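Coordinates as given in input_5.cif (mmCIF, N, CA and C atoms):
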```
data_final
loop_
_atom_site.label_atom_id
_atom_site.label_comp_id
_atom_site.auth_asym_id
_atom_site.auth_seq_id
_atom_site.Cartn_x
_atom_site.Cartn_y
_atom_site.Cartn_z
N LEU A 1 -91.84 -69.49 25.77
CA LEU A 1 -90.59 -69.89 25.14
C LEU A 1 -89.84 -68.73 24.51
N SER A 2 -90.36 -67.52 24.61
CA SER A 2 -89.74 -66.40 23.89
C SER A 2 -88.31 -66.12 24.34
N ALA A 3 -87.96 -66.41 25.57
CA ALA A 3 -86.60 -66.15 26.03
C ALA A 3 -85.65 -67.29 25.66
N HIS A 4 -86.18 -68.51 25.60
CA HIS A 4 -85.34 -69.67 25.35
C HIS A 4 -85.33 -70.08 23.89
N HIS A 5 -86.47 -70.05 23.25
CA HIS A 5 -86.61 -70.40 21.85
C HIS A 5 -87.40 -69.31 21.14
N PRO A 6 -86.80 -68.15 20.95
CA PRO A 6 -87.53 -67.06 20.28
C PRO A 6 -87.82 -67.40 18.83
N VAL A 7 -88.85 -66.79 18.28
CA VAL A 7 -89.21 -66.98 16.88
C VAL A 7 -89.55 -65.63 16.26
N SER A 8 -89.69 -65.63 14.96
CA SER A 8 -90.06 -64.43 14.19
C SER A 8 -89.03 -63.32 14.34
N PHE A 9 -87.75 -63.69 14.24
CA PHE A 9 -86.70 -62.68 14.24
C PHE A 9 -85.79 -62.96 13.05
N ILE A 10 -85.16 -61.92 12.55
CA ILE A 10 -84.25 -62.07 11.41
C ILE A 10 -82.95 -62.69 11.90
N TYR A 11 -82.59 -63.81 11.28
CA TYR A 11 -81.36 -64.51 11.60
C TYR A 11 -80.39 -64.24 10.46
N ASP A 12 -79.47 -63.30 10.68
CA ASP A 12 -78.53 -62.92 9.63
C ASP A 12 -77.13 -62.77 10.20
N SER A 13 -76.19 -62.38 9.37
CA SER A 13 -74.79 -62.26 9.81
C SER A 13 -74.62 -61.17 10.87
N ALA A 14 -75.45 -60.14 10.85
CA ALA A 14 -75.38 -59.10 11.88
C ALA A 14 -75.75 -59.68 13.25
N LEU A 15 -76.78 -60.51 13.29
CA LEU A 15 -77.16 -61.16 14.55
C LEU A 15 -76.07 -62.11 15.00
N MET A 16 -75.49 -62.84 14.06
CA MET A 16 -74.41 -63.76 14.38
C MET A 16 -73.24 -62.99 15.00
N ALA A 17 -72.89 -61.86 14.43
CA ALA A 17 -71.77 -61.06 14.94
C ALA A 17 -72.07 -60.49 16.33
N ALA A 18 -73.32 -60.14 16.58
CA ALA A 18 -73.71 -59.58 17.87
C ALA A 18 -73.74 -60.62 18.98
N HIS A 19 -73.98 -61.87 18.62
CA HIS A 19 -74.08 -62.97 19.57
C HIS A 19 -73.04 -64.02 19.20
N GLY A 20 -71.94 -64.06 19.91
CA GLY A 20 -70.82 -64.91 19.57
C GLY A 20 -71.06 -66.40 19.56
N GLU A 21 -72.22 -66.84 20.02
CA GLU A 21 -72.49 -68.28 20.06
C GLU A 21 -73.40 -68.75 18.93
N LEU A 22 -73.58 -67.92 17.92
CA LEU A 22 -74.41 -68.32 16.78
C LEU A 22 -73.55 -68.61 15.57
N ARG A 23 -74.01 -69.54 14.76
CA ARG A 23 -73.31 -69.88 13.52
C ARG A 23 -73.81 -68.97 12.39
N ASP A 24 -73.00 -68.87 11.36
CA ASP A 24 -73.37 -68.08 10.19
C ASP A 24 -74.61 -68.69 9.55
N PRO A 25 -75.66 -67.92 9.34
CA PRO A 25 -76.89 -68.49 8.77
C PRO A 25 -76.71 -69.04 7.36
N SER A 26 -75.68 -68.64 6.67
CA SER A 26 -75.46 -69.19 5.33
C SER A 26 -75.03 -70.65 5.38
N THR A 27 -74.68 -71.15 6.57
CA THR A 27 -74.25 -72.54 6.71
C THR A 27 -75.37 -73.46 7.20
N LEU A 28 -76.60 -72.96 7.27
CA LEU A 28 -77.71 -73.80 7.73
C LEU A 28 -77.84 -75.02 6.83
N VAL A 29 -78.13 -76.16 7.45
CA VAL A 29 -78.37 -77.37 6.67
C VAL A 29 -79.71 -77.26 5.95
N GLN A 30 -79.88 -78.05 4.94
CA GLN A 30 -81.07 -77.95 4.10
C GLN A 30 -82.37 -78.12 4.88
N ASP A 31 -82.38 -78.96 5.90
CA ASP A 31 -83.62 -79.22 6.64
C ASP A 31 -84.04 -78.03 7.50
N VAL A 32 -83.11 -77.21 7.92
CA VAL A 32 -83.41 -76.05 8.77
C VAL A 32 -83.51 -74.84 7.86
N ARG A 33 -84.72 -74.30 7.75
CA ARG A 33 -84.96 -73.21 6.79
C ARG A 33 -85.50 -71.97 7.48
N LEU A 34 -85.06 -70.84 7.02
CA LEU A 34 -85.64 -69.57 7.44
C LEU A 34 -86.82 -69.28 6.52
N ASP A 35 -87.73 -68.40 6.95
CA ASP A 35 -88.86 -68.08 6.09
C ASP A 35 -88.41 -67.13 4.97
N ARG A 36 -89.31 -66.74 4.13
CA ARG A 36 -88.95 -65.93 2.95
C ARG A 36 -88.41 -64.56 3.32
N ASN A 37 -88.61 -64.15 4.58
CA ASN A 37 -88.09 -62.87 5.05
C ASN A 37 -86.78 -63.02 5.82
N GLY A 38 -86.22 -64.24 5.82
CA GLY A 38 -84.97 -64.49 6.54
C GLY A 38 -85.16 -64.62 8.03
N GLN A 39 -86.40 -64.90 8.45
CA GLN A 39 -86.69 -65.03 9.87
C GLN A 39 -86.73 -66.48 10.31
N LEU A 40 -86.30 -66.71 11.53
CA LEU A 40 -86.41 -68.02 12.15
C LEU A 40 -87.82 -68.18 12.68
N GLN A 41 -88.46 -69.28 12.35
CA GLN A 41 -89.83 -69.55 12.79
C GLN A 41 -89.88 -70.92 13.45
N CYS A 42 -91.00 -71.26 14.04
CA CYS A 42 -91.17 -72.59 14.64
C CYS A 42 -90.86 -73.68 13.60
N THR A 43 -91.33 -73.44 12.37
CA THR A 43 -91.15 -74.42 11.31
C THR A 43 -89.71 -74.52 10.81
N SER A 44 -88.82 -73.67 11.31
CA SER A 44 -87.40 -73.83 10.97
C SER A 44 -86.87 -75.13 11.56
N CYS A 45 -87.39 -75.52 12.72
CA CYS A 45 -86.93 -76.73 13.41
C CYS A 45 -87.99 -77.81 13.55
N HIS A 46 -89.26 -77.42 13.43
CA HIS A 46 -90.37 -78.35 13.63
C HIS A 46 -91.20 -78.48 12.36
N ASP A 47 -91.57 -79.71 12.03
CA ASP A 47 -92.43 -79.98 10.89
C ASP A 47 -93.71 -80.63 11.39
N PRO A 48 -94.79 -79.87 11.51
CA PRO A 48 -96.02 -80.42 12.07
C PRO A 48 -96.68 -81.47 11.20
N HIS A 49 -96.18 -81.67 10.00
CA HIS A 49 -96.76 -82.66 9.08
C HIS A 49 -95.93 -83.93 8.98
N ASN A 50 -94.89 -84.04 9.81
CA ASN A 50 -94.00 -85.20 9.72
C ASN A 50 -93.69 -85.72 11.11
N MET A 51 -94.29 -86.81 11.48
CA MET A 51 -94.08 -87.38 12.81
C MET A 51 -92.82 -88.23 12.90
N SER A 52 -92.09 -88.38 11.79
CA SER A 52 -90.87 -89.18 11.85
C SER A 52 -89.80 -88.51 12.71
N GLY A 53 -89.96 -87.21 12.99
CA GLY A 53 -89.02 -86.49 13.84
C GLY A 53 -89.28 -86.69 15.31
N GLY A 54 -90.16 -87.63 15.67
CA GLY A 54 -90.44 -87.92 17.06
C GLY A 54 -91.54 -87.02 17.61
N LYS A 55 -91.72 -87.08 18.93
CA LYS A 55 -92.84 -86.36 19.54
C LYS A 55 -92.74 -84.85 19.39
N TYR A 56 -91.54 -84.34 19.13
CA TYR A 56 -91.37 -82.89 18.93
C TYR A 56 -91.44 -82.51 17.46
N MET A 57 -91.64 -83.48 16.59
CA MET A 57 -91.80 -83.26 15.15
C MET A 57 -90.63 -82.44 14.59
N LEU A 58 -89.42 -82.84 14.90
CA LEU A 58 -88.23 -82.12 14.45
C LEU A 58 -87.95 -82.38 12.98
N VAL A 59 -87.34 -81.41 12.32
CA VAL A 59 -87.02 -81.54 10.90
C VAL A 59 -85.85 -82.48 10.66
N GLN A 60 -85.08 -82.76 11.70
CA GLN A 60 -83.97 -83.72 11.61
C GLN A 60 -83.70 -84.24 13.02
N SER A 61 -82.91 -85.26 13.12
CA SER A 61 -82.57 -85.82 14.41
C SER A 61 -81.81 -84.80 15.27
N ASN A 62 -82.08 -84.85 16.55
CA ASN A 62 -81.34 -84.00 17.48
C ASN A 62 -80.38 -84.84 18.33
N ALA A 63 -80.02 -86.02 17.83
CA ALA A 63 -79.05 -86.86 18.53
C ALA A 63 -77.76 -86.08 18.71
N ARG A 64 -77.24 -86.11 19.92
CA ARG A 64 -76.01 -85.38 20.28
C ARG A 64 -76.15 -83.88 19.98
N SER A 65 -77.39 -83.38 20.10
CA SER A 65 -77.71 -81.95 19.89
C SER A 65 -77.45 -81.47 18.47
N ALA A 66 -77.51 -82.37 17.50
CA ALA A 66 -77.20 -82.02 16.11
C ALA A 66 -78.08 -80.89 15.58
N LEU A 67 -79.36 -80.94 15.86
CA LEU A 67 -80.25 -79.88 15.37
C LEU A 67 -79.91 -78.55 16.03
N CYS A 68 -79.73 -78.55 17.33
CA CYS A 68 -79.40 -77.31 18.06
C CYS A 68 -78.08 -76.71 17.56
N LEU A 69 -77.12 -77.59 17.28
CA LEU A 69 -75.80 -77.13 16.85
C LEU A 69 -75.79 -76.64 15.40
N THR A 70 -76.91 -76.74 14.72
CA THR A 70 -77.01 -76.18 13.40
C THR A 70 -76.87 -74.65 13.48
N CYS A 71 -77.45 -74.07 14.52
CA CYS A 71 -77.42 -72.60 14.68
C CYS A 71 -76.52 -72.15 15.83
N HIS A 72 -76.36 -72.99 16.84
CA HIS A 72 -75.63 -72.59 18.05
C HIS A 72 -74.24 -73.20 18.10
N ARG A 73 -73.29 -72.40 18.58
CA ARG A 73 -71.94 -72.87 18.88
C ARG A 73 -71.78 -72.78 20.38
N LYS A 74 -71.61 -73.90 21.03
CA LYS A 74 -71.45 -73.91 22.50
C LYS A 74 -70.10 -74.48 22.86
#
```
Re-express the file's structure as structure tokens.
Amino acid sequence: LSAHHPVSFIYDSALMAAHGELRDPSTLVQDVRLDRNGQLQCTSCHDPHNMSGGKYMLVQSNARSALCLTCHRK
């Protein structure tokens, strides 16, 4: 998944500027969190302790790509 869903990278305004399809990380919704180093991790989108997010254990609903659109502008 490293090419499609990379993890352990710093998600900041410099990355947003370099990739025109990313949203400003300061606008992330409360459920989508970066780690203490400002890196995107699996747990930014997945909560392994909460099955209410469905079989993918998502931190919020992805209806109409809502979770994906938290970070991506398409």
Check: How many Å separate atom C of Leu22 in chain A from atom N of Lys55 in chain A?
Finding: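 So the answer is 26.1 Å.
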Check: Using only N, CA and C atoms, which residue out of A:Glu21, A:Gly54, A:Ser65, A:His46 lies closest to Arg33 in chain A?
Finding: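 Nearest to Arg33 in chain A: A:His46.
Picked out by the PyMOL selection byres ((chain A and resi 72) around 5) when it runs on this file: Glu21, Leu22, Arg23, Cys68, Leu69, Thr70, Cys71, Arg73 and Lys74 of chain A.
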Item checked: Exercise: Leu15 in chain A partners within 12 Å, only C-alpha atoms, chain neighbours under 4 positions left out, as a list in words -> Phe9, Ile10, Tyr11, His19, Gly20, Glu21, Leu22, Arg23, Asp24, Pro25, Gly38, Gln39, Leu40 and Cys71 of chain A
Notebook entry, point to check: Distance atom N of Ala18 in chain A-CA of Val59 in chain A, one decimal place?
Noted result: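 Interatomic distance here is 26.0 Å.
You can rank A:Asn62, A:Thr43, A:Met51, A:Tyr56 by their closest distance to Ser8 in chain A using only C-alpha atoms, and at the top of that list sits A:Thr43.
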Next item on the list: Find, counting all atoms listed in the file, the residue in A:Ser52, A:Ala14, A:Pro6, A:Gln60 that gets nearest to Val32 in chain A.
Entry: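 Closest candidate: A:Gln60.
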Notebook entry, point to check: So what do you get for atom N of Asp12 in chain A versus atom C of Leu28 in chain A, distance-wise?
Noted result: 12.4 Å
Margin query: Based on the backbone DSSP call, show me all residues of chain A assigned strand (DSSP E), as number ranges by chain.
Written below: A: 9-10, 39-40
Go ahead and fit an axis-aligned box to every listed atom of range 11-19 of chain A plus 5 Å each side, and pass me the centre and edge lengths in Å, one decimal, as AutoDock Vina command-line options.
```
--center_x -77.2 --center_y -61.8 --center_z 14.5 --size_x 20.8 --size_y 15.4 --size_z 20.2
```
Next item on the list: Extract the full set of helix (DSSP H, G or I) residues from chain A according to DSSP on the backbone, and format it as JSON, numbers by chain.
Entry: {"A": [13, 14, 15, 16, 17, 18, 25, 26, 27, 42, 43, 44, 51, 52, 53, 63, 64, 65, 68, 69, 70]}
